[in-house]
Amino acid sequence: MMKYAQEGIALILALFTLTFVSLLSVAFLDIVTIDQQITTNYIKGMRSGFLADAGVETAVFELRKNENYTGTGGEVEYPRRSGNTYDVSVSGNTITSTGNVEGFSSTVEAGFILTPGSPRNKVIIDTWEEL
């Protein structure tokens with residue numbers, strides 16, 4: 001009689017152990033999935049910031065050639081993907097640039113001083129703020 005009771009307990013312990021290991025596996029997979037999404041969102045946010053920064057640099061380059069430059073925008077394959085856009089506008093002594101990467105958006109506003117000259121204008125960035 002004792003032998004059969006011990007076999008039943010072993011089966012119950014095996015089932016509890018299997019259930020516990022299964023729950024741990026599901027929890028681990030959930031954590032890994034969430035961490036991967038956080039990392040992806042961080043990378044997209046950084047890329048949109050880089051596009052916004054590049055837009056300000058593009059505006060400075062264009063202002064050196066043409067003091068009446070008012071801005072531009074378009075699509076950029078960055079990095080090796082389409083659907084990433086930027087928009088640059090120049091109003092007064094302020095450059096506003098927005099980078100968009102797969103639903104993430106970053107905006108940079110830079111104040112500048114323009115000194116006309118020949119053959120190129122001199123552009124000095126005096127403020128830089130991420131909005």
# chains A, B, ... in the order shown; residues from 1 in each chain; ligands from 1
>>> closest_atom_pairs(of="segment 17-64 of chain A", to="segment 77-100 of chain A", cutoff="6 Å", atoms="only C-alpha atoms", output="tab-separated table")
residue	atom	partner	partner_atom	distance
A:Ser48	CA	A:Gly99	CA	4.7
A:Leu51	CA	A:Gly99	CA	4.8
A:Ala52	CA	A:Gly99	CA	4.4
A:Gly55	CA	A:Ser97	CA	5.5
A:Val56	CA	A:Ser97	CA	5.9
>>> write_last_selection(atoms="C-alpha atoms", output="mmCIF file, in the first residue's frame")
data_model
loop_
_atom_site.group_PDB
_atom_site.id
_atom_site.type_symbol
_atom_site.label_atom_id
_atom_site.label_comp_id
_atom_site.auth_asym_id
_atom_site.auth_seq_id
_atom_site.Cartn_x
_atom_site.Cartn_y
_atom_site.Cartn_z
ATOM 1 C CA SER A 48 14.901 60.736 -35.429
ATOM 2 C CA LEU A 51 17.862 63.381 -38.611
ATOM 3 C CA ALA A 52 16.762 66.561 -36.838
ATOM 4 C CA GLY A 55 18.569 69.111 -40.801
ATOM 5 C CA VAL A 56 20.082 71.977 -38.806
#
>>> closest_atom_pairs(of="segment 6-84 of chain A", to="segment 106-113 of chain A", cutoff="12 Å", atoms="only C-alpha atoms", output="tab-separated table")
residue	atom	partner	partner_atom	distance
A:Lys44	CA	A:Ser106	CA	10.0
A:Gly45	CA	A:Ser106	CA	7.2
A:Met46	CA	A:Ser106	CA	8.5
A:Arg47	CA	A:Ser106	CA	8.8
A:Ser48	CA	A:Ser106	CA	5.4
A:Gly49	CA	A:Ser106	CA	5.1
A:Phe50	CA	A:Ser106	CA	8.5
A:Leu51	CA	A:Ser106	CA	8.2
A:Ala52	CA	A:Thr107	CA	5.9
A:Asp53	CA	A:Val108	CA	6.6
A:Ala54	CA	A:Val108	CA	9.8
A:Gly55	CA	A:Val108	CA	8.7
A:Val56	CA	A:Ala110	CA	7.2
A:Glu57	CA	A:Ala110	CA	9.9
A:Ala59	CA	A:Ala110	CA	10.1
A:Val60	CA	A:Phe112	CA	8.8
A:Leu63	CA	A:Phe112	CA	10.3
A:Arg64	CA	A:Ile113	CA	11.3
A:Glu67	CA	A:Ile113	CA	11.0
A:Asn84	CA	A:Ser106	CA	11.9
>>> select_by_dssp(residues="chain A", states="helix (DSSP H, G or I)", output="number ranges by chain")
A: 2-65
>>> write_last_selection(atoms="C-alpha atoms", output="PDB file, in the first residue's frame")
ATOM      1  CA  MET A   2       2.839   2.386   0.819  1.00  0.00           C
ATOM      2  CA  LYS A   3       4.466   1.906  -2.589  1.00  0.00           C
ATOM      3  CA  TYR A   4       1.398   3.155  -4.479  1.00  0.00           C
ATOM      4  CA  ALA A   5       1.075   6.276  -2.283  1.00  0.00           C
ATOM      5  CA  GLN A   6       4.687   7.245  -2.959  1.00  0.00           C
ATOM      6  CA  GLU A   7       4.211   6.885  -6.726  1.00  0.00           C
ATOM      7  CA  GLY A   8       1.247   9.265  -6.552  1.00  0.00           C
ATOM      8  CA  ILE A   9       3.255  11.866  -4.696  1.00  0.00           C
ATOM      9  CA  ALA A  10       6.065  11.657  -7.256  1.00  0.00           C
ATOM     10  CA  LEU A  11       3.559  12.269 -10.056  1.00  0.00           C
ATOM     11  CA  ILE A  12       2.097  15.292  -8.270  1.00  0.00           C
ATOM     12  CA  LEU A  13       5.585  16.712  -7.604  1.00  0.00           C
ATOM     13  CA  ALA A  14       6.543  16.200 -11.246  1.00  0.00           C
ATOM     14  CA  LEU A  15       3.404  18.036 -12.406  1.00  0.00           C
ATOM     15  CA  PHE A  16       4.031  20.944 -10.012  1.00  0.00           C
ATOM     16  CA  THR A  17       7.657  21.168 -11.193  1.00  0.00           C
ATOM     17  CA  LEU A  18       6.598  21.132 -14.850  1.00  0.00           C
ATOM     18  CA  THR A  19       3.982  23.834 -14.198  1.00  0.00           C
ATOM     19  CA  PHE A  20       6.522  25.992 -12.350  1.00  0.00           C
ATOM     20  CA  VAL A  21       9.136  25.677 -15.101  1.00  0.00           C
ATOM     21  CA  SER A  22       6.491  26.494 -17.735  1.00  0.00           C
ATOM     22  CA  LEU A  23       5.430  29.637 -15.881  1.00  0.00           C
ATOM     23  CA  LEU A  24       9.050  30.749 -15.528  1.00  0.00           C
ATOM     24  CA  SER A  25       9.598  30.218 -19.256  1.00  0.00           C
ATOM     25  CA  VAL A  26       6.543  32.289 -20.187  1.00  0.00           C
ATOM     26  CA  ALA A  27       7.623  35.103 -17.810  1.00  0.00           C
ATOM     27  CA  PHE A  28      11.157  35.072 -19.248  1.00  0.00           C
ATOM     28  CA  LEU A  29       9.863  35.274 -22.834  1.00  0.00           C
ATOM     29  CA  ASP A  30       7.609  38.181 -21.870  1.00  0.00           C
ATOM     30  CA  ILE A  31      10.537  40.077 -20.311  1.00  0.00           C
ATOM     31  CA  VAL A  32      12.735  39.463 -23.364  1.00  0.00           C
ATOM     32  CA  THR A  33       9.983  40.680 -25.710  1.00  0.00           C
ATOM     33  CA  ILE A  34       9.416  43.870 -23.688  1.00  0.00           C
ATOM     34  CA  ASP A  35      13.158  44.583 -23.504  1.00  0.00           C
ATOM     35  CA  GLN A  36      13.462  44.154 -27.254  1.00  0.00           C
ATOM     36  CA  GLN A  37      10.604  46.625 -27.854  1.00  0.00           C
ATOM     37  CA  ILE A  38      12.177  49.157 -25.470  1.00  0.00           C
ATOM     38  CA  THR A  39      15.485  48.881 -27.321  1.00  0.00           C
ATOM     39  CA  THR A  40      13.790  49.272 -30.712  1.00  0.00           C
ATOM     40  CA  ASN A  41      11.926  52.384 -29.532  1.00  0.00           C
ATOM     41  CA  TYR A  42      15.136  53.874 -28.142  1.00  0.00           C
ATOM     42  CA  ILE A  43      16.974  53.315 -31.430  1.00  0.00           C
ATOM     43  CA  LYS A  44      14.145  54.876 -33.475  1.00  0.00           C
ATOM     44  CA  GLY A  45      14.071  57.876 -31.139  1.00  0.00           C
ATOM     45  CA  MET A  46      17.825  58.351 -31.475  1.00  0.00           C
ATOM     46  CA  ARG A  47      17.625  58.088 -35.276  1.00  0.00           C
ATOM     47  CA  SER A  48      14.901  60.736 -35.429  1.00  0.00           C
ATOM     48  CA  GLY A  49      17.118  62.987 -33.297  1.00  0.00           C
ATOM     49  CA  PHE A  50      20.057  62.424 -35.635  1.00  0.00           C
ATOM     50  CA  LEU A  51      17.862  63.381 -38.611  1.00  0.00           C
ATOM     51  CA  ALA A  52      16.762  66.561 -36.838  1.00  0.00           C
ATOM     52  CA  ASP A  53      20.397  67.450 -36.065  1.00  0.00           C
ATOM     53  CA  ALA A  54      21.367  66.779 -39.673  1.00  0.00           C
ATOM     54  CA  GLY A  55      18.569  69.111 -40.801  1.00  0.00           C
ATOM     55  CA  VAL A  56      20.082  71.977 -38.806  1.00  0.00           C
ATOM     56  CA  GLU A  57      23.492  71.247 -40.304  1.00  0.00           C
ATOM     57  CA  THR A  58      21.933  71.204 -43.786  1.00  0.00           C
ATOM     58  CA  ALA A  59      20.323  74.591 -43.110  1.00  0.00           C
ATOM     59  CA  VAL A  60      23.669  76.051 -41.998  1.00  0.00           C
ATOM     60  CA  PHE A  61      25.282  74.732 -45.188  1.00  0.00           C
ATOM     61  CA  GLU A  62      22.523  76.244 -47.342  1.00  0.00           C
ATOM     62  CA  LEU A  63      22.567  79.584 -45.467  1.00  0.00           C
ATOM     63  CA  ARG A  64      26.290  79.894 -46.198  1.00  0.00           C
ATOM     64  CA  LYS A  65      25.465  79.736 -49.912  1.00  0.00           C
TER      65      LYS A  65
END
>>> atom_distance(atom1="atom CA of Tyr69 of chain A", atom2="atom CA of Ser105 of chain A")
23.5 Å
>>> residues_around(residues="Asn66 of chain A", least_positions_apart="4", cutoff="12 Å", atoms="only C-alpha atoms", output="list in words")
Ala59, Val60, Phe61, Glu62, Thr70, Gly71, Val90, Leu114, Thr115, Pro116, Gly117, Ser118, Pro119, Arg120, Asn121, Lys122 and Val123 of chain A
>>> select_by_dssp(residues="chain A", states="strand (DSSP E)", output="number ranges by chain")
A: 71-76, 84-91, 94-101, 104-115, 122-130
>>> decode(residues="segment 8-114 of chain A", atoms="C-alpha atoms", output="PDB file, in the first residue's frame")
ATOM      1  CA  GLY A   8       1.247   9.265  -6.552  1.00  0.00           C
ATOM      2  CA  ILE A   9       3.255  11.866  -4.696  1.00  0.00           C
ATOM      3  CA  ALA A  10       6.065  11.657  -7.256  1.00  0.00           C
ATOM      4  CA  LEU A  11       3.559  12.269 -10.056  1.00  0.00           C
ATOM      5  CA  ILE A  12       2.097  15.292  -8.270  1.00  0.00           C
ATOM      6  CA  LEU A  13       5.585  16.712  -7.604  1.00  0.00           C
ATOM      7  CA  ALA A  14       6.543  16.200 -11.246  1.00  0.00           C
ATOM      8  CA  LEU A  15       3.404  18.036 -12.406  1.00  0.00           C
ATOM      9  CA  PHE A  16       4.031  20.944 -10.012  1.00  0.00           C
ATOM     10  CA  THR A  17       7.657  21.168 -11.193  1.00  0.00           C
ATOM     11  CA  LEU A  18       6.598  21.132 -14.850  1.00  0.00           C
ATOM     12  CA  THR A  19       3.982  23.834 -14.198  1.00  0.00           C
ATOM     13  CA  PHE A  20       6.522  25.992 -12.350  1.00  0.00           C
ATOM     14  CA  VAL A  21       9.136  25.677 -15.101  1.00  0.00           C
ATOM     15  CA  SER A  22       6.491  26.494 -17.735  1.00  0.00           C
ATOM     16  CA  LEU A  23       5.430  29.637 -15.881  1.00  0.00           C
ATOM     17  CA  LEU A  24       9.050  30.749 -15.528  1.00  0.00           C
ATOM     18  CA  SER A  25       9.598  30.218 -19.256  1.00  0.00           C
ATOM     19  CA  VAL A  26       6.543  32.289 -20.187  1.00  0.00           C
ATOM     20  CA  ALA A  27       7.623  35.103 -17.810  1.00  0.00           C
ATOM     21  CA  PHE A  28      11.157  35.072 -19.248  1.00  0.00           C
ATOM     22  CA  LEU A  29       9.863  35.274 -22.834  1.00  0.00           C
ATOM     23  CA  ASP A  30       7.609  38.181 -21.870  1.00  0.00           C
ATOM     24  CA  ILE A  31      10.537  40.077 -20.311  1.00  0.00           C
ATOM     25  CA  VAL A  32      12.735  39.463 -23.364  1.00  0.00           C
ATOM     26  CA  THR A  33       9.983  40.680 -25.710  1.00  0.00           C
ATOM     27  CA  ILE A  34       9.416  43.870 -23.688  1.00  0.00           C
ATOM     28  CA  ASP A  35      13.158  44.583 -23.504  1.00  0.00           C
ATOM     29  CA  GLN A  36      13.462  44.154 -27.254  1.00  0.00           C
ATOM     30  CA  GLN A  37      10.604  46.625 -27.854  1.00  0.00           C
ATOM     31  CA  ILE A  38      12.177  49.157 -25.470  1.00  0.00           C
ATOM     32  CA  THR A  39      15.485  48.881 -27.321  1.00  0.00           C
ATOM     33  CA  THR A  40      13.790  49.272 -30.712  1.00  0.00           C
ATOM     34  CA  ASN A  41      11.926  52.384 -29.532  1.00  0.00           C
ATOM     35  CA  TYR A  42      15.136  53.874 -28.142  1.00  0.00           C
ATOM     36  CA  ILE A  43      16.974  53.315 -31.430  1.00  0.00           C
ATOM     37  CA  LYS A  44      14.145  54.876 -33.475  1.00  0.00           C
ATOM     38  CA  GLY A  45      14.071  57.876 -31.139  1.00  0.00           C
ATOM     39  CA  MET A  46      17.825  58.351 -31.475  1.00  0.00           C
ATOM     40  CA  ARG A  47      17.625  58.088 -35.276  1.00  0.00           C
ATOM     41  CA  SER A  48      14.901  60.736 -35.429  1.00  0.00           C
ATOM     42  CA  GLY A  49      17.118  62.987 -33.297  1.00  0.00           C
ATOM     43  CA  PHE A  50      20.057  62.424 -35.635  1.00  0.00           C
ATOM     44  CA  LEU A  51      17.862  63.381 -38.611  1.00  0.00           C
ATOM     45  CA  ALA A  52      16.762  66.561 -36.838  1.00  0.00           C
ATOM     46  CA  ASP A  53      20.397  67.450 -36.065  1.00  0.00           C
ATOM     47  CA  ALA A  54      21.367  66.779 -39.673  1.00  0.00           C
ATOM     48  CA  GLY A  55      18.569  69.111 -40.801  1.00  0.00           C
ATOM     49  CA  VAL A  56      20.082  71.977 -38.806  1.00  0.00           C
ATOM     50  CA  GLU A  57      23.492  71.247 -40.304  1.00  0.00           C
ATOM     51  CA  THR A  58      21.933  71.204 -43.786  1.00  0.00           C
ATOM     52  CA  ALA A  59      20.323  74.591 -43.110  1.00  0.00           C
ATOM     53  CA  VAL A  60      23.669  76.051 -41.998  1.00  0.00           C
ATOM     54  CA  PHE A  61      25.282  74.732 -45.188  1.00  0.00           C
ATOM     55  CA  GLU A  62      22.523  76.244 -47.342  1.00  0.00           C
ATOM     56  CA  LEU A  63      22.567  79.584 -45.467  1.00  0.00           C
ATOM     57  CA  ARG A  64      26.290  79.894 -46.198  1.00  0.00           C
ATOM     58  CA  LYS A  65      25.465  79.736 -49.912  1.00  0.00           C
ATOM     59  CA  ASN A  66      22.197  81.693 -49.855  1.00  0.00           C
ATOM     60  CA  GLU A  67      21.182  84.036 -47.023  1.00  0.00           C
ATOM     61  CA  ASN A  68      17.540  83.875 -48.229  1.00  0.00           C
ATOM     62  CA  TYR A  69      17.253  80.094 -47.670  1.00  0.00           C
ATOM     63  CA  THR A  70      13.924  79.291 -45.973  1.00  0.00           C
ATOM     64  CA  GLY A  71      14.062  75.518 -45.555  1.00  0.00           C
ATOM     65  CA  THR A  72      13.362  72.218 -47.199  1.00  0.00           C
ATOM     66  CA  GLY A  73      12.198  68.724 -46.457  1.00  0.00           C
ATOM     67  CA  GLY A  74      12.014  65.310 -47.923  1.00  0.00           C
ATOM     68  CA  GLU A  75      12.533  61.619 -47.529  1.00  0.00           C
ATOM     69  CA  VAL A  76      15.820  60.073 -46.490  1.00  0.00           C
ATOM     70  CA  GLU A  77      16.867  56.444 -46.758  1.00  0.00           C
ATOM     71  CA  TYR A  78      18.289  56.326 -43.267  1.00  0.00           C
ATOM     72  CA  PRO A  79      19.711  53.828 -42.545  1.00  0.00           C
ATOM     73  CA  ARG A  80      18.903  51.776 -45.614  1.00  0.00           C
ATOM     74  CA  ARG A  81      15.165  52.206 -45.040  1.00  0.00           C
ATOM     75  CA  SER A  82      12.653  54.405 -46.756  1.00  0.00           C
ATOM     76  CA  GLY A  83       9.868  56.280 -44.997  1.00  0.00           C
ATOM     77  CA  ASN A  84      12.144  58.460 -42.868  1.00  0.00           C
ATOM     78  CA  THR A  85      11.503  62.162 -43.391  1.00  0.00           C
ATOM     79  CA  TYR A  86      12.837  65.503 -42.255  1.00  0.00           C
ATOM     80  CA  ASP A  87      11.556  69.062 -42.412  1.00  0.00           C
ATOM     81  CA  VAL A  88      13.689  72.176 -42.021  1.00  0.00           C
ATOM     82  CA  SER A  89      12.412  75.727 -41.786  1.00  0.00           C
ATOM     83  CA  VAL A  90      14.284  78.983 -41.306  1.00  0.00           C
ATOM     84  CA  SER A  91      12.394  81.912 -39.854  1.00  0.00           C
ATOM     85  CA  GLY A  92      14.181  85.048 -38.739  1.00  0.00           C
ATOM     86  CA  ASN A  93      17.283  83.870 -36.885  1.00  0.00           C
ATOM     87  CA  THR A  94      15.880  80.461 -35.958  1.00  0.00           C
ATOM     88  CA  ILE A  95      16.284  77.100 -37.658  1.00  0.00           C
ATOM     89  CA  THR A  96      13.676  74.482 -36.768  1.00  0.00           C
ATOM     90  CA  SER A  97      14.325  70.925 -37.886  1.00  0.00           C
ATOM     91  CA  THR A  98      12.149  67.843 -37.338  1.00  0.00           C
ATOM     92  CA  GLY A  99      13.223  64.273 -38.029  1.00  0.00           C
ATOM     93  CA  ASN A 100      10.679  61.443 -38.349  1.00  0.00           C
ATOM     94  CA  VAL A 101      11.637  57.764 -38.183  1.00  0.00           C
ATOM     95  CA  GLU A 102       8.922  55.101 -38.241  1.00  0.00           C
ATOM     96  CA  GLY A 103       6.477  57.047 -36.091  1.00  0.00           C
ATOM     97  CA  PHE A 104       9.040  58.696 -33.819  1.00  0.00           C
ATOM     98  CA  SER A 105       9.619  62.428 -34.105  1.00  0.00           C
ATOM     99  CA  SER A 106      12.351  64.718 -32.752  1.00  0.00           C
ATOM    100  CA  THR A 107      12.601  68.471 -33.157  1.00  0.00           C
ATOM    101  CA  VAL A 108      15.643  70.712 -32.781  1.00  0.00           C
ATOM    102  CA  GLU A 109      15.573  74.496 -32.712  1.00  0.00           C
ATOM    103  CA  ALA A 110      18.776  76.450 -33.262  1.00  0.00           C
ATOM    104  CA  GLY A 111      19.326  80.181 -33.099  1.00  0.00           C
ATOM    105  CA  PHE A 112      21.952  81.611 -35.413  1.00  0.00           C
ATOM    106  CA  ILE A 113      23.764  84.782 -36.380  1.00  0.00           C
ATOM    107  CA  LEU A 114      24.295  85.384 -40.088  1.00  0.00           C
TER     108      LEU A 114
END
